[in-house]
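> My structure is in query_25.tsv, and what it holds is TSV, C-alpha atoms:
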```
chain	number	residue	atom	x	y	z
A	510	MET	CA	112.22	95.47	113.67
A	511	ASP	CA	111.55	94.36	110.08
A	512	GLY	CA	109.07	96.23	107.90
A	513	LYS	CA	105.73	94.93	106.59
A	514	ILE	CA	104.89	93.75	103.08
A	515	ILE	CA	101.30	94.58	102.06
A	516	VAL	CA	99.89	93.43	98.72
A	517	VAL	CA	97.12	95.52	97.12
A	518	THR	CA	95.14	93.31	94.77
A	519	SER	CA	91.86	92.88	92.90
A	520	GLY	CA	90.21	90.18	90.86
A	521	LYS	CA	89.12	92.52	88.10
A	522	GLY	CA	91.15	95.18	86.32
A	523	GLY	CA	90.10	98.82	86.25
A	524	VAL	CA	88.83	99.08	89.82
A	525	GLY	CA	91.30	101.81	90.88
A	526	LYS	CA	93.88	99.59	92.55
A	527	THR	CA	96.99	101.42	91.28
A	528	THR	CA	95.67	104.86	92.26
A	529	ILE	CA	94.79	103.48	95.70
A	530	THR	CA	98.25	101.94	96.13
A	531	ALA	CA	99.98	105.23	95.26
A	532	SER	CA	97.74	107.24	97.58
A	533	ILE	CA	98.04	104.88	100.56
A	534	GLY	CA	101.83	104.92	100.07
A	535	ALA	CA	101.83	108.73	100.03
A	536	ALA	CA	99.63	108.91	103.14
A	537	LEU	CA	101.85	106.49	105.07
A	538	ALA	CA	104.96	108.45	104.08
A	539	LEU	CA	103.30	111.68	105.25
A	540	GLN	CA	102.90	109.98	108.64
A	541	GLY	CA	106.68	109.55	108.79
A	542	LYS	CA	106.96	105.97	107.60
A	543	ARG	CA	109.65	104.97	105.11
A	544	VAL	CA	107.55	103.55	102.28
A	545	ALA	CA	108.24	101.70	99.02
A	546	VAL	CA	105.54	101.17	96.43
A	547	VAL	CA	106.41	98.40	93.99
A	548	ASP	CA	104.82	97.92	90.56
A	549	MET	CA	104.41	94.17	90.03
A	550	ASP	CA	102.77	94.40	86.60
A	551	ILE	CA	105.69	93.34	84.39
A	552	GLY	CA	105.21	94.59	80.83
A	553	LEU	CA	102.34	96.99	81.62
A	554	ARG	CA	103.62	99.38	84.26
A	555	ASN	CA	101.35	102.25	85.33
A	556	LEU	CA	102.31	103.12	88.90
A	557	ASP	CA	105.11	105.41	87.66
A	558	VAL	CA	102.61	107.50	85.64
A	559	VAL	CA	100.11	107.71	88.50
A	560	MET	CA	102.94	108.98	90.76
A	561	GLY	CA	104.34	111.37	88.14
A	562	LEU	CA	107.73	109.62	88.12
A	563	GLU	CA	107.75	108.11	84.62
A	564	ASN	CA	110.60	110.35	83.40
A	565	ARG	CA	113.00	109.34	86.16
A	566	ILE	CA	113.17	105.57	85.66
A	567	VAL	CA	116.66	104.13	85.20
A	568	PHE	CA	116.38	100.65	86.73
A	569	ASN	CA	113.39	98.45	87.56
A	570	ILE	CA	112.39	95.45	89.67
A	571	VAL	CA	113.71	92.92	87.13
A	572	ASP	CA	117.10	94.68	87.19
A	573	ILE	CA	117.20	94.18	90.98
A	574	ILE	CA	116.21	90.51	90.71
A	575	GLN	CA	118.81	89.83	88.02
A	576	GLY	CA	121.58	91.60	89.91
A	577	ARG	CA	122.05	94.52	87.53
A	578	CYS	CA	121.48	97.07	90.31
A	579	LYS	CA	120.86	97.48	94.03
A	580	ILE	CA	117.46	98.36	95.54
A	581	LYS	CA	118.73	101.90	96.28
A	582	GLN	CA	119.58	102.42	92.61
A	583	ALA	CA	116.16	101.32	91.36
A	584	ALA	CA	114.08	103.06	94.06
A	585	ILE	CA	112.99	106.50	92.81
A	586	LYS	CA	112.49	109.06	95.57
A	587	ASP	CA	109.36	111.17	95.34
A	588	ARG	CA	110.32	114.86	95.25
A	589	ARG	CA	107.18	116.08	97.02
A	590	ILE	CA	106.89	113.55	99.84
A	591	ASP	CA	109.84	112.54	102.02
A	592	ASN	CA	110.33	108.81	102.63
A	593	LEU	CA	108.23	107.74	99.61
A	594	TYR	CA	109.95	105.60	96.96
A	595	LEU	CA	108.81	103.83	93.78
A	596	ILE	CA	110.31	100.62	92.42
A	597	PRO	CA	108.95	100.43	88.85
A	598	ALA	CA	108.06	97.38	86.80
A	599	SER	CA	109.89	96.52	83.60
A	600	GLN	CA	108.11	97.28	80.32
A	601	SER	CA	110.35	95.12	78.17
A	602	ASP	CA	110.58	91.86	80.10
A	603	ASP	CA	108.29	88.85	79.99
A	604	LYS	CA	105.85	88.27	82.87
A	605	ASN	CA	107.87	85.15	83.77
A	606	ALA	CA	111.05	87.20	84.37
A	607	ILE	CA	110.27	87.05	88.11
A	608	LYS	CA	109.54	83.85	90.00
A	609	PRO	CA	108.06	83.44	93.50
A	610	GLU	CA	111.45	82.52	95.00
A	611	ASN	CA	112.85	85.80	93.61
A	612	MET	CA	110.13	87.72	95.48
A	613	VAL	CA	110.82	85.89	98.74
A	614	TRP	CA	114.44	87.08	98.45
A	615	LEU	CA	113.48	90.63	97.42
A	616	CYS	CA	110.84	91.05	100.14
A	617	GLY	CA	113.44	89.99	102.70
A	618	LYS	CA	115.62	92.88	101.48
A	619	LEU	CA	112.72	95.34	101.34
A	620	ARG	CA	111.77	94.58	104.94
A	621	LYS	CA	115.23	95.77	106.01
A	622	GLU	CA	115.08	98.97	103.94
A	623	PHE	CA	111.49	100.16	104.46
A	624	ASP	CA	108.89	100.32	107.24
A	625	ILE	CA	106.10	99.42	104.80
A	626	THR	CA	106.26	98.05	101.26
A	627	LEU	CA	103.10	98.14	99.14
A	628	LEU	CA	103.00	95.72	96.21
A	629	ASP	CA	100.71	96.89	93.40
A	630	CYS	CA	99.58	93.49	92.17
A	631	PRO	CA	98.35	92.97	88.60
A	632	ALA	CA	94.66	92.05	88.39
A	633	GLY	CA	93.73	88.40	88.03
A	634	ILE	CA	95.35	85.19	89.23
A	635	GLU	CA	98.31	84.76	86.88
A	636	GLN	CA	102.06	84.80	87.56
A	637	GLY	CA	102.08	88.41	88.79
A	638	PHE	CA	99.52	87.58	91.47
A	639	ARG	CA	101.46	84.52	92.63
A	640	ASN	CA	104.65	86.56	92.80
A	641	SER	CA	102.96	89.32	94.77
A	642	ILE	CA	101.39	87.19	97.49
A	643	VAL	CA	104.18	84.67	98.13
A	644	ALA	CA	105.97	86.78	100.76
A	645	ALA	CA	103.23	89.24	101.75
A	646	ASP	CA	102.26	89.77	105.40
A	647	GLU	CA	98.91	91.43	104.70
A	648	ALA	CA	96.56	91.93	101.76
A	649	VAL	CA	94.12	94.64	100.72
A	650	VAL	CA	91.46	93.68	98.17
A	651	VAL	CA	89.99	96.53	96.10
A	652	CYS	CA	86.49	96.00	94.75
A	653	THR	CA	83.89	98.22	93.10
A	654	PRO	CA	80.13	97.74	93.71
A	655	GLU	CA	79.64	95.69	90.54
A	656	VAL	CA	78.59	92.05	90.36
A	657	SER	CA	81.53	91.07	88.11
A	658	ALA	CA	84.07	92.79	90.39
A	659	VAL	CA	82.58	91.13	93.49
A	660	ARG	CA	82.67	87.69	91.87
A	661	ASP	CA	86.32	88.10	90.83
A	662	ALA	CA	87.26	89.49	94.26
A	663	ASP	CA	85.71	86.42	95.89
A	664	ARG	CA	88.07	84.19	93.89
A	665	ILE	CA	91.09	86.29	94.91
A	666	ILE	CA	90.07	86.18	98.57
A	667	GLY	CA	89.94	82.37	98.49
A	668	LEU	CA	93.46	82.23	97.07
A	669	LEU	CA	94.74	84.65	99.74
A	670	TYR	CA	93.27	82.51	102.51
A	671	ALA	CA	94.96	79.48	100.93
A	672	GLN	CA	98.25	81.39	101.32
A	673	SER	CA	97.36	82.01	105.04
A	674	ILE	CA	96.82	85.73	104.40
A	675	THR	CA	93.68	87.32	105.89
A	676	PRO	CA	92.63	90.11	103.51
A	677	LYS	CA	90.85	93.38	104.20
A	678	LEU	CA	88.42	95.08	101.82
A	679	ILE	CA	88.24	98.52	100.22
A	680	VAL	CA	85.02	99.29	98.35
A	681	ASN	CA	85.86	101.89	95.72
A	682	ARG	CA	83.81	104.20	93.45
A	683	ILE	CA	80.61	104.31	95.47
A	684	VAL	CA	77.96	106.58	93.91
A	685	PRO	CA	75.43	107.33	96.70
A	686	ARG	CA	72.66	108.45	94.32
A	687	MET	CA	72.89	105.17	92.37
A	688	VAL	CA	72.89	103.12	95.58
A	689	GLU	CA	69.78	105.01	96.82
A	690	ASN	CA	68.02	104.35	93.52
A	691	GLY	CA	68.87	100.66	93.63
A	692	ASP	CA	71.08	100.93	90.53
A	693	MET	CA	74.30	100.04	92.35
A	694	LEU	CA	75.18	97.49	95.01
A	695	SER	CA	75.58	98.98	98.48
A	696	HIS	CA	78.82	98.43	100.35
A	697	GLU	CA	76.82	96.28	102.79
A	698	ASP	CA	75.91	94.00	99.88
A	699	VAL	CA	79.57	93.70	98.88
A	700	VAL	CA	80.75	93.00	102.45
A	701	GLU	CA	78.02	90.41	102.97
A	702	VAL	CA	79.04	88.47	99.86
A	703	LEU	CA	82.81	88.66	100.44
A	704	SER	CA	82.70	88.17	104.24
A	705	ILE	CA	85.97	89.94	105.06
A	706	ASP	CA	86.75	92.92	107.29
A	707	LEU	CA	86.12	96.34	105.78
A	708	LEU	CA	89.14	98.66	105.62
A	709	GLY	CA	87.47	101.65	103.98
A	710	LEU	CA	84.84	103.11	101.65
A	711	ILE	CA	85.73	105.47	98.81
A	712	GLU	CA	83.16	107.62	97.06
A	713	MET	CA	83.40	108.29	93.30
A	714	ASP	CA	85.51	111.43	92.99
A	715	GLU	CA	86.44	113.60	89.97
A	716	TYR	CA	89.78	114.36	91.63
A	717	VAL	CA	90.88	110.81	90.77
A	718	VAL	CA	91.14	111.85	87.11
A	719	VAL	CA	93.08	115.00	88.06
A	720	SER	CA	95.39	112.94	90.27
A	721	THR	CA	96.11	110.34	87.60
A	722	ASN	CA	96.69	112.88	84.84
A	723	THR	CA	98.95	115.17	86.91
A	724	GLY	CA	100.79	112.52	88.93
A	725	THR	CA	99.68	114.15	92.19
A	726	PRO	CA	98.64	111.71	94.95
A	727	LEU	CA	94.98	112.02	95.96
A	728	VAL	CA	95.96	112.59	99.58
A	729	LEU	CA	97.58	115.89	98.52
A	730	GLN	CA	94.32	117.10	96.90
A	731	GLU	CA	92.74	119.02	99.79
A	732	ASP	CA	89.16	118.91	98.49
A	733	SER	CA	89.21	115.25	97.44
A	734	LYS	CA	86.73	113.05	99.32
A	735	ALA	CA	88.59	110.00	98.03
A	736	GLY	CA	91.87	111.48	99.28
A	737	LYS	CA	90.45	111.95	102.78
A	738	ALA	CA	89.09	108.39	102.78
A	739	LEU	CA	92.49	107.03	101.67
A	740	HIS	CA	94.26	108.97	104.40
A	741	ARG	CA	92.04	107.28	106.99
A	742	ILE	CA	92.61	103.89	105.32
A	743	ALA	CA	96.37	104.43	105.67
A	744	LEU	CA	95.91	105.21	109.37
A	745	ARG	CA	93.96	101.96	109.85
A	746	LEU	CA	96.75	100.01	108.14
A	747	ASP	CA	99.30	101.73	110.37
A	748	GLY	CA	98.14	100.72	113.81
A	749	HIS	CA	94.75	102.47	114.12
A	750	PRO	CA	92.32	99.67	113.15
A	751	ASP	CA	89.48	101.08	115.28
A	752	LEU	CA	89.34	104.42	113.45
A	753	PRO	CA	85.65	104.73	112.41
A	754	ILE	CA	84.83	104.15	108.74
A	755	GLU	CA	82.93	107.08	107.27
A	756	ASN	CA	79.96	105.99	105.19
A	757	PRO	CA	79.42	108.25	102.14
A	758	MET	CA	75.73	107.31	102.21
A	759	ILE	CA	75.00	108.80	105.66
A	760	GLN	CA	75.46	112.47	104.79
A	761	LYS	CA	73.49	112.10	101.57
A	762	THR	CA	70.65	110.38	103.43
A	763	PHE	CA	70.63	113.14	106.09
A	764	TRP	CA	70.34	115.91	103.51
A	765	LYS	CA	67.68	113.98	101.63
A	766	LYS	CA	65.57	113.70	104.80
A	767	LEU	CA	66.13	117.38	105.60
A	768	SER	CA	65.14	118.53	102.13
A	769	SER	CA	61.99	116.37	102.21
A	770	LYS	CA	60.96	118.00	105.52
A	771	PHE	CA	61.35	121.47	104.00
A	772	SER	CA	59.45	120.50	100.88
A	773	ARG	CA	56.50	119.22	102.98
A	774	LYS	CA	56.36	122.52	104.91
A	775	ASN	CA	56.23	124.46	101.68
```
Have the structure of the file written as structure tokens, please.

Amino acid sequence: MDGKIIVVTSGKGGVGKTTITASIGAALALQGKRVAVVDMDIGLRNLDVVMGLENRIVFNIVDIIQGRCKIKQAAIKDRRIDNLYLIPASQSDDKNAIKPENMVWLCGKLRKEFDITLLDCPAGIEQGFRNSIVAADEAVVVCTPEVSAVRDADRIIGLLYAQSITPKLIVNRIVPRMVENGDMLSHEDVVEVLSIDLLGLIEMDEYVVVSTNTGTPLVLQEDSKAGKALHRIALRLDGHPDLPIENPMIQKTFWKKLSSKFSRKN
């Protein structure tokens, strides 16, 4: 049976998409899947740094496309997690070095080699986005609770539907205190505007900075709330769609109610 191609995308840059791609890939590999994560941002690669593999790059995705190497030569095996591989982007090539027909060919090969391939799509709707979605089976849209991010995500979602791909949504960097105070959109607000199925909610987490700077996937950080959320997101992508979505607001609301009861008694 051929593997799946899942594109992870966003309308706006800086919403945590690359960190999420790396962590979902790690979580899926920990579940025994053979996983490739592919950096599609030609000229501005970052996935290698987030995964701590920047010093091991020999070949990249453009080398595969242009026949200078095989997939096995370009795919860098993660030393900490079995079955997890990175195919890096090229830093020196032009964004037009890959065309949609090249990706159709490559994705056909990747389906044979891996159970799941995650494409870390560059933000926006330029060539990198078109390349990433042309052969994808599924799409995950990452959005933060900001008006500009929601507006840009809405545009991306329309383009995915036009490609006959039904996307799912991750709302990232939720700050419960700000939502309670009315200073941040709630995830319900985001879902209502975008009108797509919710895949997961990720609370703002200081471990994200640690993960990015050390190249350690969030799902390996035991105390990371974001890591736990991403592990459950990976399970939902891998055949457990009914796994309940934990709402970071519920626990905060419970403790707030409890503390207000105590304060009234005193």
> Smallest atom-to-atom distance to Leu615 in chain A: which of A:Pro726, A:Gly576, A:Gly709, A:Gly637, using only C-alpha atoms?
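Checking each of A:Pro726, A:Gly576, A:Gly709, A:Gly637 against Leu615 in chain A, counting only C-alpha atoms, the winner is A:Gly576.
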> Could the residues of range 510-582 of chain A that have an atom at most 10 Å from range 619-626 of chain A be listed as CSV, each with its closest atom pair and the distance in Å to one decimal, counting all atoms listed in the file and ordered by chain and ascending residue number?

```
residue,atom,partner,partner_atom,distance
A:Met510,CA,A:Lys621,CA,8.2
A:Asp511,CA,A:Arg620,CA,5.1
A:Gly512,CA,A:Asp624,CA,4.1
A:Lys513,CA,A:Ile625,CA,4.8
A:Ile514,CA,A:Thr626,CA,4.9
A:Ile515,CA,A:Thr626,CA,6.1
A:Val516,CA,A:Thr626,CA,8.3
A:Gly534,CA,A:Thr626,CA,8.3
A:Leu537,CA,A:Ile625,CA,8.3
A:Ala538,CA,A:Ile625,CA,9.1
A:Gly541,CA,A:Asp624,CA,9.6
A:Lys542,CA,A:Asp624,CA,6.0
A:Arg543,CA,A:Asp624,CA,5.2
A:Val544,CA,A:Ile625,CA,5.1
A:Ala545,CA,A:Thr626,CA,4.7
A:Val546,CA,A:Thr626,CA,5.8
A:Val547,CA,A:Thr626,CA,7.3
A:Ile580,CA,A:Leu619,CA,8.1
A:Lys581,CA,A:Glu622,CA,9.0
```
> Which residues, written as a PyMOL selection string, have at least one atom at most 8 Å from Val728 in chain A, with all atoms listed in the file counted and residues fewer than 6 positions away on the same chain left out?
chain A and resi 532+535-536+735-737+739-740
> In Å, how far is it from CA of Cys630 in chain A to CA of Glu712 in chain A?
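Spanning CA of Cys630 in chain A to CA of Glu712 in chain A is a straight-line distance of 22.2 Å.
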> Counting all atoms listed in the file, note down every residue that has an atom within 10 Å of the point (87.6, 99.0, 113.4) (file coordinates), as a PDB file with C-alpha atoms, in the frame of the given file.

```pdb
ATOM      1  CA  ASP A 706      86.750  92.920 107.290  1.00  0.00           C
ATOM      2  CA  LEU A 707      86.120  96.340 105.780  1.00  0.00           C
ATOM      3  CA  LEU A 708      89.140  98.660 105.620  1.00  0.00           C
ATOM      4  CA  GLY A 709      87.470 101.650 103.980  1.00  0.00           C
ATOM      5  CA  ARG A 745      93.960 101.960 109.850  1.00  0.00           C
ATOM      6  CA  HIS A 749      94.750 102.470 114.120  1.00  0.00           C
ATOM      7  CA  PRO A 750      92.320  99.670 113.150  1.00  0.00           C
ATOM      8  CA  ASP A 751      89.480 101.080 115.280  1.00  0.00           C
ATOM      9  CA  LEU A 752      89.340 104.420 113.450  1.00  0.00           C
ATOM     10  CA  PRO A 753      85.650 104.730 112.410  1.00  0.00           C
ATOM     11  CA  ILE A 754      84.830 104.150 108.740  1.00  0.00           C
TER      12      ILE A 754
END
```
> In terms of the shortest atom-to-atom distance over only C-alpha atoms, which of A:Ile596, A:Met612, A:Met560, A:Ile533 is closest to Thr723 in chain A?
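Smallest distance to Thr723 in chain A is found for A:Met560.
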> Figure out the distance between CA of Val649 in chain A and CA of Leu678 in chain A, please, to one decimal in Å.
5.8 Å
> Return the single residue from A:Leu595, A:Ile742, A:Ala606, A:Ile683 that is closest to Gly561 in chain A, with distances computed using all atoms listed in the file.
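Looking only at the distances to Gly561 in chain A, the closest residue turns out to be A:Leu595.
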> With distances taken over all atoms listed in the file, which of A:Asn555, A:Asp661, A:Val650, A:Met549 is nearest to Pro609 in chain A?
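Among the listed residues, A:Met549 lies closest to Pro609 in chain A.
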> Between CA of Cys616 in chain A and CA of Asp550 in chain A, what distance in Å does the model show, to one decimal?
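Distance between the two atoms: 16.1 Å.
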> May I ask which of the residues A:Pro757, A:Gly520, A:Gly667, A:Gly617 is the closest one to Arg686 in chain A, counting all atoms listed in the file?
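Closest to Arg686 in chain A, using all atoms listed in the file: A:Pro757.
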> Can you tell me which residues surround Leu553 in chain A at a distance of at most 8 Å, considering all atoms listed in the file, apart from same-chain residues fewer than 5 positions away, and format the answer as a short mmCIF file (atom, residue, chain, number, x, y, z; two decimals) with C-alpha atoms, keeping the file's coordinate frame?

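around03.cif was written with the following content:
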```
data_model
loop_
_atom_site.label_atom_id
_atom_site.label_comp_id
_atom_site.auth_asym_id
_atom_site.auth_seq_id
_atom_site.Cartn_x
_atom_site.Cartn_y
_atom_site.Cartn_z
CA ALA A 598 108.06 97.38 86.80
CA SER A 599 109.89 96.52 83.60
CA GLN A 600 108.11 97.28 80.32
#
```
